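As stored in model.cif (mmCIF, C-alpha atoms):
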data_work
loop_
_atom_site.label_atom_id
_atom_site.label_comp_id
_atom_site.auth_asym_id
_atom_site.auth_seq_id
_atom_site.Cartn_x
_atom_site.Cartn_y
_atom_site.Cartn_z
CA MET A 1 194.26 267.86 177.24
CA LYS A 2 194.31 270.22 174.25
CA ILE A 3 192.48 273.51 174.77
CA HIS A 4 190.77 275.08 171.72
CA LEU A 5 190.26 278.78 171.18
CA TYR A 6 186.46 278.50 171.15
CA GLN A 7 186.59 276.90 174.62
CA VAL A 8 188.50 279.88 176.01
CA ILE A 9 186.09 282.36 174.37
CA VAL A 10 182.92 280.59 175.53
CA VAL A 11 184.25 280.13 179.08
CA ALA A 12 185.35 283.80 179.21
CA ILE A 13 181.95 285.10 178.00
CA SER A 14 180.04 282.73 180.28
CA SER A 15 182.21 283.74 183.24
CA VAL A 16 181.51 287.43 182.65
CA MET A 17 177.75 286.81 182.30
CA LEU A 18 177.70 284.62 185.41
CA TYR A 19 179.73 287.18 187.35
CA LEU A 20 177.34 289.99 186.33
CA GLY A 21 174.29 287.88 187.20
CA ILE A 22 175.61 286.91 190.63
CA LYS A 23 176.81 290.46 191.34
CA GLU A 24 173.40 291.95 190.43
CA PHE A 25 171.64 289.38 192.60
CA VAL A 26 173.97 289.88 195.59
CA ASN A 27 173.59 293.67 195.29
CA ARG A 28 169.79 293.17 195.22
CA GLU A 29 169.49 295.28 192.06
CA THR A 30 166.01 295.89 190.63
CA GLY A 31 164.55 292.92 188.79
CA GLN A 32 166.95 290.34 190.22
CA THR A 33 165.15 287.29 191.54
CA LEU A 34 166.36 283.89 192.67
CA LEU A 35 164.59 282.27 189.72
CA LYS A 36 166.33 284.63 187.31
CA LEU A 37 169.67 283.78 188.90
CA PHE A 38 168.96 280.06 188.50
CA VAL A 39 168.01 280.53 184.84
CA ARG A 40 171.20 282.50 184.24
CA LEU A 41 173.28 279.85 186.00
CA ALA A 42 171.62 277.14 183.91
CA VAL A 43 172.04 278.94 180.54
CA TRP A 44 175.53 280.39 180.93
CA GLY A 45 176.77 277.68 183.28
CA GLY A 46 175.56 275.07 180.80
CA MET A 47 177.44 276.78 177.96
CA ALA A 48 180.63 276.92 180.04
CA LEU A 49 180.23 273.28 181.06
CA ILE A 50 179.86 272.18 177.45
CA ALA A 51 182.89 274.28 176.44
CA ILE A 52 185.05 272.76 179.20
CA TYR A 53 183.77 269.19 178.71
CA PRO A 54 182.81 268.97 175.01
CA ASP A 55 182.30 265.22 175.37
CA PHE A 56 179.30 266.04 177.51
CA THR A 57 177.52 267.04 174.31
CA LEU A 58 177.98 263.52 172.97
CA VAL A 59 175.97 262.20 175.86
CA ILE A 60 173.26 264.81 175.16
CA ALA A 61 173.57 264.15 171.41
CA ARG A 62 173.05 260.42 171.95
CA ILE A 63 170.05 261.08 174.15
CA MET A 64 168.58 263.59 171.67
CA GLY A 65 169.61 261.72 168.52
CA VAL A 66 172.03 264.41 167.22
CA VAL A 67 175.18 262.42 166.37
CA ASP A 68 177.21 263.70 163.42
CA ASN A 69 179.67 266.61 163.14
CA PHE A 70 177.52 268.70 160.80
CA ASN A 71 174.77 268.83 163.40
CA ALA A 72 177.32 269.90 165.97
CA VAL A 73 178.40 272.79 163.70
CA VAL A 74 174.80 273.87 163.20
CA LEU A 75 174.28 273.70 166.95
CA MET A 76 177.32 275.88 167.54
CA GLY A 77 175.96 278.32 164.96
CA PHE A 78 172.70 278.48 166.86
CA LEU A 79 174.56 279.14 170.07
CA MET A 80 176.48 282.01 168.48
CA VAL A 81 173.32 283.53 167.02
CA PHE A 82 171.64 283.13 170.39
CA LEU A 83 174.55 284.92 172.06
CA MET A 84 174.39 287.81 169.58
CA LEU A 85 170.62 288.09 169.92
CA PHE A 86 170.95 288.00 173.68
CA LYS A 87 173.40 290.90 173.71
CA LEU A 88 171.47 292.88 171.11
CA LEU A 89 168.14 292.54 172.88
CA SER A 90 169.75 293.37 176.22
CA ALA A 91 171.25 296.52 174.70
CA ILE A 92 167.89 297.52 173.14
CA GLU A 93 166.14 296.99 176.45
CA LYS A 94 168.70 299.12 178.26
CA ILE A 95 168.22 301.89 175.69
CA GLU A 96 164.42 301.62 176.05
CA GLN A 97 164.71 301.99 179.81
CA ASN A 98 166.91 305.05 179.35
CA VAL A 99 164.39 306.59 176.94
CA SER A 100 161.60 306.00 179.48
CA GLU A 101 163.66 307.58 182.24
CA ILE A 102 164.50 310.65 180.15
CA THR A 103 160.86 311.01 179.01
CA ARG A 104 159.66 310.72 182.63
CA LYS A 105 162.15 313.28 183.94
CA GLU A 106 161.22 315.67 181.16
CA ALA A 107 157.48 315.31 181.92
CA LEU A 108 158.02 315.94 185.65
CA HIS A 109 160.37 318.84 184.97
CA THR A 110 157.90 320.51 182.60
CA ALA A 111 155.11 320.27 185.19
CA HIS A 112 157.37 321.38 188.04
CA GLU A 113 155.42 324.57 188.82
CA ARG A 114 152.04 322.84 188.80
CA ILE A 115 153.43 320.05 191.01
CA GLU A 116 154.72 322.63 193.52
CA GLU A 117 151.34 324.44 193.48
CA MET A 118 149.44 321.19 194.07
CA ARG A 119 151.91 320.08 196.75
CA LYS A 120 151.22 323.28 198.73
CA GLU A 121 147.45 322.74 198.31
CA ILE A 122 147.72 319.17 199.63
CA LYS A 123 149.99 320.23 202.48
CA ALA A 124 147.49 322.90 203.51
CA GLN A 125 144.68 320.36 203.39
CA GLN A 126 146.71 317.88 205.45
CA GLY A 127 147.32 320.68 208.00
CA ARG A 128 143.59 321.48 208.17
CA ASN A 129 142.75 317.76 208.59
CA ALA A 130 145.28 317.42 211.40
CA LEU A 131 143.81 320.49 213.12
CA CYS A 132 140.26 319.14 212.84
CA THR A 133 141.35 315.75 214.22
CA SER A 134 143.07 317.34 217.22
CA GLN A 135 140.04 319.62 217.89
CA GLN A 136 137.69 316.63 217.74
CA GLN A 137 139.92 314.77 220.17
CA ASN A 138 139.74 317.75 222.55
CA ILE A 139 135.93 317.98 222.27
CA SER A 140 135.16 314.27 222.67
CA PRO A 141 136.24 313.88 226.38
CA ARG A 142 134.12 316.92 227.37
CA LYS A 143 131.05 315.34 225.76
CA GLN A 144 131.68 312.20 227.78
CA ASP A 145 131.97 314.32 230.93
CA ASP A 146 128.60 315.98 230.22
CA MET B 147 145.00 311.30 204.75
CA THR B 148 145.33 312.63 201.21
CA THR B 149 144.49 310.31 198.36
CA VAL B 150 145.89 311.01 194.91
CA ILE B 151 144.41 309.28 191.89
CA VAL B 152 146.78 308.40 189.04
CA ILE B 153 145.18 307.86 185.62
CA PRO B 154 147.40 306.77 182.72
CA VAL B 155 145.88 307.59 179.32
CA TYR B 156 146.70 306.78 175.73
CA ASN B 157 144.36 308.17 173.08
CA GLU B 158 141.42 308.56 175.48
CA ALA B 159 140.37 312.11 174.53
CA LYS B 160 136.74 310.98 174.08
CA VAL B 161 136.29 309.75 177.64
CA ILE B 162 139.02 311.17 179.89
CA GLY B 163 137.05 314.34 180.70
CA GLN B 164 134.11 312.28 181.96
CA VAL B 165 136.43 309.94 183.91
CA ILE B 166 138.02 312.92 185.70
CA GLU B 167 134.62 314.42 186.56
CA ASP B 168 133.37 311.05 187.85
CA VAL B 169 136.38 310.71 190.13
CA LYS B 170 135.96 314.27 191.43
CA ASP B 171 132.24 313.66 192.04
CA HIS B 172 133.19 310.78 194.31
CA GLY B 173 135.23 313.12 196.53
CA PHE B 174 138.75 312.75 195.15
CA PRO B 175 139.90 316.12 193.83
CA HIS B 176 143.63 315.35 193.63
CA ILE B 177 144.12 313.70 190.26
CA ILE B 178 147.20 313.10 188.15
CA VAL B 179 146.61 312.28 184.49
CA VAL B 180 149.63 310.90 182.64
CA ASP B 181 149.31 311.14 178.89
CA ASP B 182 151.48 308.41 177.40
CA GLY B 183 152.35 310.14 174.12
CA SER B 184 148.80 310.16 172.77
CA ALA B 185 148.20 311.12 169.15
CA ASP B 186 144.86 312.73 170.05
CA GLU B 187 143.86 315.58 172.38
CA SER B 188 143.95 313.56 175.62
CA TRP B 189 146.46 315.86 177.32
CA CYS B 190 144.60 319.05 176.32
CA VAL B 191 141.28 317.64 177.57
CA ALA B 192 142.84 316.57 180.88
CA SER B 193 144.60 319.94 181.32
CA ALA B 194 141.26 321.73 181.10
CA HIS B 195 139.94 319.89 184.20
CA ASP B 196 142.06 321.31 187.04
CA VAL B 197 144.26 318.23 187.46
CA LEU B 198 147.99 317.64 187.26
CA ALA B 199 148.34 316.65 183.61
CA LEU B 200 151.71 315.15 182.76
CA ARG B 201 152.74 314.43 179.23
CA LEU B 202 155.22 311.77 178.12
CA LYS B 203 156.33 313.03 174.74
CA VAL B 204 157.03 309.51 173.48
CA ASN B 205 154.67 306.56 173.95
CA ARG B 206 156.43 304.40 176.56
CA GLY B 207 153.68 302.03 177.64
CA LYS B 208 151.21 301.75 180.48
CA GLY B 209 153.82 300.78 183.06
CA ALA B 210 155.97 303.82 182.32
CA ALA B 211 152.94 306.11 182.57
CA VAL B 212 151.77 304.62 185.88
CA LYS B 213 155.29 304.81 187.30
CA THR B 214 155.52 308.48 186.29
CA GLY B 215 152.18 309.18 187.96
CA ILE B 216 153.22 307.43 191.17
CA MET B 217 156.48 309.39 191.23
CA ALA B 218 154.51 312.62 190.85
CA ALA B 219 152.13 311.53 193.64
CA ASN B 220 155.15 310.93 195.87
CA LEU B 221 156.39 314.44 195.06
CA LEU B 222 152.97 315.78 196.08
CA GLY B 223 153.24 314.01 199.43
CA ALA B 224 150.25 311.72 198.88
CA ASP B 225 149.33 309.40 201.77
CA VAL B 226 147.51 306.98 199.49
CA VAL B 227 147.98 306.54 195.72
CA VAL B 228 145.27 304.93 193.60
CA THR B 229 145.91 303.89 190.01
CA MET B 230 142.99 303.39 187.63
CA ASP B 231 142.49 303.11 183.87
CA GLY B 232 141.60 306.14 181.78
CA ASP B 233 139.00 304.44 179.57
CA GLY B 234 136.18 304.57 182.12
CA GLN B 235 136.18 300.82 182.84
CA HIS B 236 136.88 301.34 186.51
CA ASN B 237 134.09 302.62 188.69
CA PRO B 238 135.17 305.54 190.94
CA ALA B 239 132.67 304.28 193.53
CA ASP B 240 135.15 301.44 194.17
CA ILE B 241 137.93 303.83 195.23
CA LYS B 242 136.67 304.10 198.81
CA PRO B 243 136.53 300.33 199.45
CA LEU B 244 139.93 300.10 197.76
CA ILE B 245 141.66 302.60 200.04
CA THR B 246 139.91 301.55 203.27
CA PRO B 247 142.39 298.76 204.22
CA ILE B 248 145.24 301.28 203.79
CA LEU B 249 143.48 303.99 205.82
CA GLU B 250 142.87 301.43 208.56
CA GLY B 251 146.56 300.51 208.50
CA LYS B 252 145.85 296.90 207.59
CA SER B 253 147.51 296.82 204.14
CA ASP B 254 150.27 298.46 202.13
CA VAL B 255 148.81 297.51 198.75
CA VAL B 256 145.21 296.80 197.79
CA LEU B 257 144.56 295.03 194.50
CA GLY B 258 141.25 295.63 192.80
CA SER B 259 140.03 292.26 191.55
CA ARG B 260 137.62 291.93 188.67
CA LEU B 261 137.58 288.16 189.02
CA LEU B 262 135.76 288.23 192.32
CA HIS B 263 132.74 289.23 190.18
CA ARG B 264 133.29 286.78 187.34
CA GLU B 265 129.81 287.14 185.90
CA GLU B 266 130.66 290.64 184.63
CA MET B 267 133.73 289.63 182.65
CA PRO B 268 133.74 288.30 179.07
CA TRP B 269 134.89 284.66 179.12
CA VAL B 270 137.84 285.31 176.76
CA LYS B 271 139.15 287.92 179.16
CA MET B 272 138.57 285.61 182.08
CA ILE B 273 140.68 282.85 180.50
CA ALA B 274 143.42 285.33 179.56
CA ASN B 275 143.46 286.67 183.13
CA SER B 276 143.65 283.18 184.59
CA ILE B 277 146.66 282.44 182.37
CA GLY B 278 148.21 285.74 183.46
CA ASN B 279 147.64 284.81 187.11
CA LEU B 280 149.22 281.41 186.57
CA PHE B 281 152.39 282.82 184.98
CA THR B 282 152.61 285.59 187.56
CA TRP B 283 152.48 282.92 190.24
CA LEU B 284 155.08 280.75 188.44
CA PHE B 285 157.48 283.65 187.85
CA TYR B 286 156.98 285.73 190.96
CA GLY B 287 155.61 283.27 193.50
CA LEU B 288 152.45 285.08 194.55
CA LEU B 289 149.00 283.83 193.63
CA VAL B 290 146.40 286.58 193.27
CA SER B 291 142.94 286.48 191.72
CA ASP B 292 143.59 289.32 189.22
CA SER B 293 147.25 289.97 188.45
CA GLN B 294 146.43 292.18 185.43
CA SER B 295 144.11 294.68 187.10
CA GLY B 296 145.29 298.27 186.94
CA PHE B 297 142.90 299.39 189.69
CA ARG B 298 145.10 299.40 192.77
CA ALA B 299 145.85 301.41 195.87
CA TYR B 300 149.23 301.94 197.51
CA SER B 301 150.20 303.35 200.86
CA ARG B 302 152.88 306.05 200.88
CA TYR B 303 155.44 303.43 201.98
CA ALA B 304 154.48 301.05 199.16
CA ALA B 305 154.44 303.84 196.57
CA LEU B 306 157.97 304.79 197.57
CA ILE B 307 159.42 301.29 197.81
CA ILE B 308 157.91 299.62 194.72
CA ASP B 309 160.43 299.90 191.93
CA THR B 310 160.28 298.14 188.60
CA LYS B 311 161.76 298.87 185.21
CA ALA B 312 158.81 297.35 183.35
CA ASP B 313 157.33 299.87 180.93
CA LYS B 314 154.55 297.96 179.22
CA TYR B 315 151.65 295.83 180.41
CA GLU B 316 153.94 293.49 182.38
CA TYR B 317 154.18 296.31 184.93
CA ASP B 318 151.07 295.00 186.71
CA SER B 319 152.67 291.58 187.20
CA LYS B 320 155.97 293.13 188.25
CA VAL B 321 154.19 294.99 191.04
CA ILE B 322 153.09 291.58 192.35
CA ARG B 323 156.75 290.56 192.41
CA GLU B 324 157.62 293.75 194.30
CA ILE B 325 154.89 293.00 196.85
CA LYS B 326 156.48 289.62 197.49
CA ASN B 327 160.10 290.78 197.45
CA ASN B 328 159.42 293.70 199.80
CA ARG B 329 157.09 291.63 201.98
CA LEU B 330 154.36 294.21 201.69
CA ARG B 331 150.98 293.52 203.29
CA PHE B 332 148.38 293.22 200.56
CA THR B 333 144.73 292.43 200.21
CA GLU B 334 142.29 292.03 197.31
CA VAL B 335 139.06 293.94 197.04
CA SER B 336 136.31 293.19 194.57
CA VAL B 337 135.83 295.91 191.96
CA HIS B 338 133.22 296.29 189.25
CA THR B 339 134.28 296.75 185.66
CA ARG B 340 132.15 298.66 183.20
CA TYR B 341 132.62 297.00 179.83
CA THR B 342 131.35 299.67 177.47
CA ASP B 343 131.33 299.60 173.67
CA TYR B 344 134.12 302.15 173.81
CA SER B 345 136.38 300.09 176.07
CA LYS B 346 135.67 296.86 174.15
CA GLY B 347 136.47 298.52 170.84
CA LYS B 348 139.80 300.00 171.88
CA LYS B 349 142.77 299.02 169.74
CA ASN B 350 145.43 299.52 172.40
CA LYS B 351 143.93 297.37 175.14
CA GLN B 352 145.62 294.29 176.65
CA GLY B 353 144.24 291.77 174.17
CA PHE B 354 145.32 288.21 173.39
CA LEU B 355 148.28 289.22 171.20
CA ASN B 356 149.40 291.87 173.67
CA GLY B 357 149.08 289.18 176.34
CA LEU B 358 151.52 286.98 174.42
CA VAL B 359 153.93 289.91 174.06
CA THR B 360 153.64 290.55 177.79
CA LEU B 361 154.39 286.88 178.47
CA TYR B 362 157.41 287.01 176.16
CA ARG B 363 158.70 290.11 177.95
CA MET B 364 158.27 288.42 181.33
CA LEU B 365 160.15 285.34 180.05
CA TRP B 366 162.89 287.42 178.47
CA LYS B 367 163.52 289.35 181.67
CA MET B 368 164.07 286.02 183.39
CA ILE B 369 167.25 285.35 181.41
CA ALA B 370 168.43 288.79 180.29
#
Write the structure described by the file as structure tokens, please.
Amino acid sequence: MKIHLYQVIVVAISSVMLYLGIKEFVNRETGQTLLKLFVRLAVWGGMALIAIYPDFTLVIARIMGVVDNFNAVVLMGFLMVFLMLFKLLSAIEKIEQNVSEITRKEALHTAHERIEEMRKEIKAQQGRNALCTSQQQNISPRKQDD
Amino acid sequence: MTTVIVIPVYNEAKVIGQVIEDVKDHGFPHIIVVDDGSADESWCVASAHDVLALRLKVNRGKGAAVKTGIMAANLLGADVVVTMDGDGQHNPADIKPLITPILEGKSDVVLGSRLLHREEMPWVKMIANSIGNLFTWLFYGLLVSDSQSGFRAYSRYAALIIDTKADKYEYDSKVIREIKNNRLRFTEVSVHTRYTDYSKGKKNKQGFLNGLVTLYRMLWKMIA
């Protein structure tokens, strides 16, 4: 069986994406769900499957009515554009998350003194509440005795 | 038990002062206002009301603001964290029923549901919410009556454990996913919504188009 360059590239990319998806799911990283893993397996696994067994597309093509070579080229073009979009949007999302994190840290850092002041206030109140609760518990049995 | 109220705001200078006073009048003095990069005086107005006013210098979305507020509440050592909108739609009188299941140790998260009082909600919003509930159930496997409500209460444990990277309106749905993934005990409590001319006329509310964007973001995060 003759192996084409595009098959190696698609299988390599799909393998990396599948590896990352499975690793993130196994490590229980934020946002990783079983459904997301299945979708990833279907999308990237499907691309790898088609790259390894190109004839599989003929079966799909017959079912869908896409039969000539030109359509196959257009389809490949779509796949490439999809891949690029996928990576681009993933990168943008990662950057957006980083911006949010930096903005959040900056906001909390700026208000550090006020947070500390309020924390002490709340701690004092929690102490007073605990004291009141324990005093009430001490008083209640005496009332029952009376 | 100390309850801290988190109020995310974006261009709410006209009403945020009144919202803060209403909350205080109902016996909740510990308030965190998170200004999500407003172009108006929201942060200045909030700062003048003896609250913890945080300012995100860049507009990052409702989810990012709420998450910042919850992180600040955790730093303060809050026992219960309540999140509510800054446009005055949520009635502070509902805070007590909302936190009761947590105070009684029966729940980790309490979701305020507007759909348990359907007669108060405009029908367009009701349909949009039902669609949101359906997709939240499909994506995250938990069926709730109001997946898009921002009026919620969290125990200290829930506030510490819930972690999502969602910055925009999909944050509310992602919290539902976190409830399921972390097997948190949750309950729904009916809350009243005050649909004022101000809140109806807001440009930055979760409308139909924003709903579609939220849906797209939820779908995208499934494969990315």
Near chain A, 8 Å: chain B residue rows, closest pairs, only C-alpha atoms, as JSON lines:
{"residue": "B:Met147", "atom": "CA", "partner": "A:Gln126", "partner_atom": "CA", "distance": 6.8}
{"residue": "B:Thr148", "atom": "CA", "partner": "A:Gln126", "partner_atom": "CA", "distance": 6.9}
{"residue": "B:Leu198", "atom": "CA", "partner": "A:Arg114", "partner_atom": "CA", "distance": 6.8}
{"residue": "B:Ala199", "atom": "CA", "partner": "A:Ala111", "partner_atom": "CA", "distance": 7.8}
{"residue": "B:Leu200", "atom": "CA", "partner": "A:Ala107", "partner_atom": "CA", "distance": 5.8}
{"residue": "B:Arg201", "atom": "CA", "partner": "A:Ala107", "partner_atom": "CA", "distance": 5.5}
{"residue": "B:Leu202", "atom": "CA", "partner": "A:Ala107", "partner_atom": "CA", "distance": 5.7}
{"residue": "B:Lys203", "atom": "CA", "partner": "A:Thr103", "partner_atom": "CA", "distance": 6.5}
{"residue": "B:Val204", "atom": "CA", "partner": "A:Thr103", "partner_atom": "CA", "distance": 6.9}
{"residue": "B:Arg206", "atom": "CA", "partner": "A:Ser100", "partner_atom": "CA", "distance": 6.1}
{"residue": "B:Ala210", "atom": "CA", "partner": "A:Ser100", "partner_atom": "CA", "distance": 6.7}
{"residue": "B:Thr214", "atom": "CA", "partner": "A:Arg104", "partner_atom": "CA", "distance": 6.0}
{"residue": "B:Ala218", "atom": "CA", "partner": "A:Leu108", "partner_atom": "CA", "distance": 7.1}
{"residue": "B:Leu221", "atom": "CA", "partner": "A:Arg119", "partner_atom": "CA", "distance": 7.4}
{"residue": "B:Leu222", "atom": "CA", "partner": "A:Arg119", "partner_atom": "CA", "distance": 4.5}
{"residue": "B:Gly223", "atom": "CA", "partner": "A:Arg119", "partner_atom": "CA", "distance": 6.8}
{"residue": "B:Ala224", "atom": "CA", "partner": "A:Ile122", "partner_atom": "CA", "distance": 7.9}
{"residue": "B:Phe285", "atom": "CA", "partner": "A:Leu35", "partner_atom": "CA", "distance": 7.5}
{"residue": "B:Asp309", "atom": "CA", "partner": "A:Thr30", "partner_atom": "CA", "distance": 7.0}
{"residue": "B:Thr310", "atom": "CA", "partner": "A:Thr30", "partner_atom": "CA", "distance": 6.5}
{"residue": "B:Lys311", "atom": "CA", "partner": "A:Gln97", "partner_atom": "CA", "distance": 6.9}
{"residue": "B:Asp313", "atom": "CA", "partner": "A:Ser100", "partner_atom": "CA", "distance": 7.6}
{"residue": "B:Lys367", "atom": "CA", "partner": "A:Lys36", "partner_atom": "CA", "distance": 7.9}
{"residue": "B:Met368", "atom": "CA", "partner": "A:Lys36", "partner_atom": "CA", "distance": 4.7}
{"residue": "B:Ile369", "atom": "CA", "partner": "A:Arg40", "partner_atom": "CA", "distance": 5.6}
{"residue": "B:Ala370", "atom": "CA", "partner": "A:Ser90", "partner_atom": "CA", "distance": 6.3}
query = Quick one, how far is atom CA of B:Gln294 from atom CA of B:Thr246?
reply =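 Interatomic distance, atom CA of B:Gln294 to atom CA of B:Thr246: 21.2 Å.
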Non-local contacts of B:Val212 (8 Å; only C-alpha atoms; under 4 positions in same chain excluded) as number ranges by chain = B: 152-154, 180, 208, 216, 229
inquiry  = For a test of reading the model, state the distance in Å between atom CA of B:Trp189 and atom CA of B:Tyr317, rounded to one decimal.
reply    = 22.4 Å
message = Can you measure atom CA of B:Val165 to atom CA of B:Gly232 for me? One decimal in Å is fine.
response =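 About the pair atom CA of B:Val165 and atom CA of B:Gly232: they are 6.8 Å apart.
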Assuming the input is short of atoms at stretch 147-164 of chain B, produce N, CA and C atoms for that part as a JSON list (two decimals), keeping the file's coordinate frame.
[["chain", "number", "residue", "atom", "x", "y", "z"],
["B", 147, "MET", "N", 144.33, 312.11, 205.77],
["B", 147, "MET", "CA", 145.00, 311.30, 204.75],
["B", 147, "MET", "C", 144.62, 311.80, 203.35],
["B", 148, "THR", "N", 145.62, 312.12, 202.55],
["B", 148, "THR", "CA", 145.33, 312.63, 201.21],
["B", 148, "THR", "C", 145.49, 311.52, 200.18],
["B", 149, "THR", "N", 144.46, 311.34, 199.40],
["B", 149, "THR", "CA", 144.49, 310.31, 198.36],
["B", 149, "THR", "C", 144.68, 310.98, 197.00],
["B", 150, "VAL", "N", 145.66, 310.49, 196.26],
["B", 150, "VAL", "CA", 145.89, 311.01, 194.91],
["B", 150, "VAL", "C", 145.59, 309.90, 193.91],
["B", 151, "ILE", "N", 144.81, 310.26, 192.91],
["B", 151, "ILE", "CA", 144.41, 309.28, 191.89],
["B", 151, "ILE", "C", 145.31, 309.45, 190.66],
["B", 152, "VAL", "N", 145.91, 308.37, 190.22],
["B", 152, "VAL", "CA", 146.78, 308.40, 189.04],
["B", 152, "VAL", "C", 146.04, 307.71, 187.88],
["B", 153, "ILE", "N", 145.89, 308.43, 186.79],
["B", 153, "ILE", "CA", 145.18, 307.86, 185.62],
["B", 153, "ILE", "C", 146.09, 307.92, 184.39],
["B", 154, "PRO", "N", 146.62, 306.76, 183.95],
["B", 154, "PRO", "CA", 147.40, 306.77, 182.72],
["B", 154, "PRO", "C", 146.46, 306.77, 181.51],
["B", 155, "VAL", "N", 146.76, 307.57, 180.50],
["B", 155, "VAL", "CA", 145.88, 307.59, 179.32],
["B", 155, "VAL", "C", 146.70, 307.50, 178.02],
["B", 156, "TYR", "N", 146.11, 306.83, 177.07],
["B", 156, "TYR", "CA", 146.70, 306.78, 175.73],
["B", 156, "TYR", "C", 145.54, 306.83, 174.72],
["B", 157, "ASN", "N", 145.44, 307.94, 174.04],
["B", 157, "ASN", "CA", 144.36, 308.17, 173.08],
["B", 157, "ASN", "C", 142.97, 307.97, 173.69],
["B", 158, "GLU", "N", 142.72, 308.68, 174.80],
["B", 158, "GLU", "CA", 141.42, 308.56, 175.48],
["B", 158, "GLU", "C", 140.69, 309.90, 175.50],
["B", 159, "ALA", "N", 140.95, 310.75, 174.52],
["B", 159, "ALA", "CA", 140.37, 312.11, 174.53],
["B", 159, "ALA", "C", 138.85, 312.08, 174.65],
["B", 160, "LYS", "N", 138.21, 311.05, 174.09],
["B", 160, "LYS", "CA", 136.74, 310.98, 174.08],
["B", 160, "LYS", "C", 136.17, 310.81, 175.48],
["B", 161, "VAL", "N", 136.88, 310.11, 176.34],
["B", 161, "VAL", "CA", 136.29, 309.75, 177.64],
["B", 161, "VAL", "C", 137.00, 310.33, 178.86],
["B", 162, "ILE", "N", 138.24, 310.79, 178.70],
["B", 162, "ILE", "CA", 139.02, 311.17, 179.89],
["B", 162, "ILE", "C", 138.37, 312.30, 180.69],
["B", 163, "GLY", "N", 137.73, 313.24, 180.00],
["B", 163, "GLY", "CA", 137.05, 314.34, 180.70],
["B", 163, "GLY", "C", 135.98, 313.80, 181.64],
["B", 164, "GLN", "N", 135.18, 312.88, 181.16],
["B", 164, "GLN", "CA", 134.11, 312.28, 181.96],
["B", 164, "GLN", "C", 134.68, 311.47, 183.13]]
